[in-house]
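Data first, discussion second: the structure below is written as structure tokens.
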Amino acid sequence: VPRCVEGFVAHMESFEGAIETLRRNDPSVTELGLGRLVIGVDNARVLAAALTVNTTVTALYFGTNDLSDESVTIIASALHTNTTLEGLS
């Protein structure tokens, strides 16, 4: 999975890489940068599903993503299952 690690934050270069990182539950990745990735409604559904199985990431950084209200609602729904995630920005 291509990524550039700065401290504990893995800045993802592809949406698919971000999803794979979440699904793997890599304990070395506790913060995930999703800036500049396209996260529309369909990708929000995929992200929400990955968040429901992830137990290692405590923070997600969306950067300059322009998330729609529907995408935010979909991602937020995963927080009912994911109790590890502490911060979104």
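All residue names refer to the structure tokens as shown: chains lettered A, B, ... in order, residues numbered from 1 in each chain, ligands numbered from 1 in order.
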Query - Contacts of range 13-26 of chain A at 8 Å (only C-alpha atoms; same-chain gap of 4+ positions) as an MDAnalysis selection string - result: chainID A and resid 1:3 32 34 37:39 46:47 50:51 53:57
Query - Those of range 3-77 of chain A in DSSP alpha helix (DSSP H), formatted as an NGL selection string - result: :A and (15-24 or 41-53 or 69-77)
Query raised in the report: Contacts of Ala44 in chain A at 8 Å or less, counting only C-alpha atoms, minus same-chain residues fewer than 4 places along, as a PyMOL selection string?
Result: chain A and resi 39-40+48+71-72+74-75
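Running DSSP on the backbone gives strand (DSSP E) for these residues within chain A: Arg3, Cys4, Val5, Glu6, Val9, Ala10, His11, Met12, Glu31, Leu32, Gly33, Ala59, Leu60, Tyr61, Gly87 and Leu88 of chain A.
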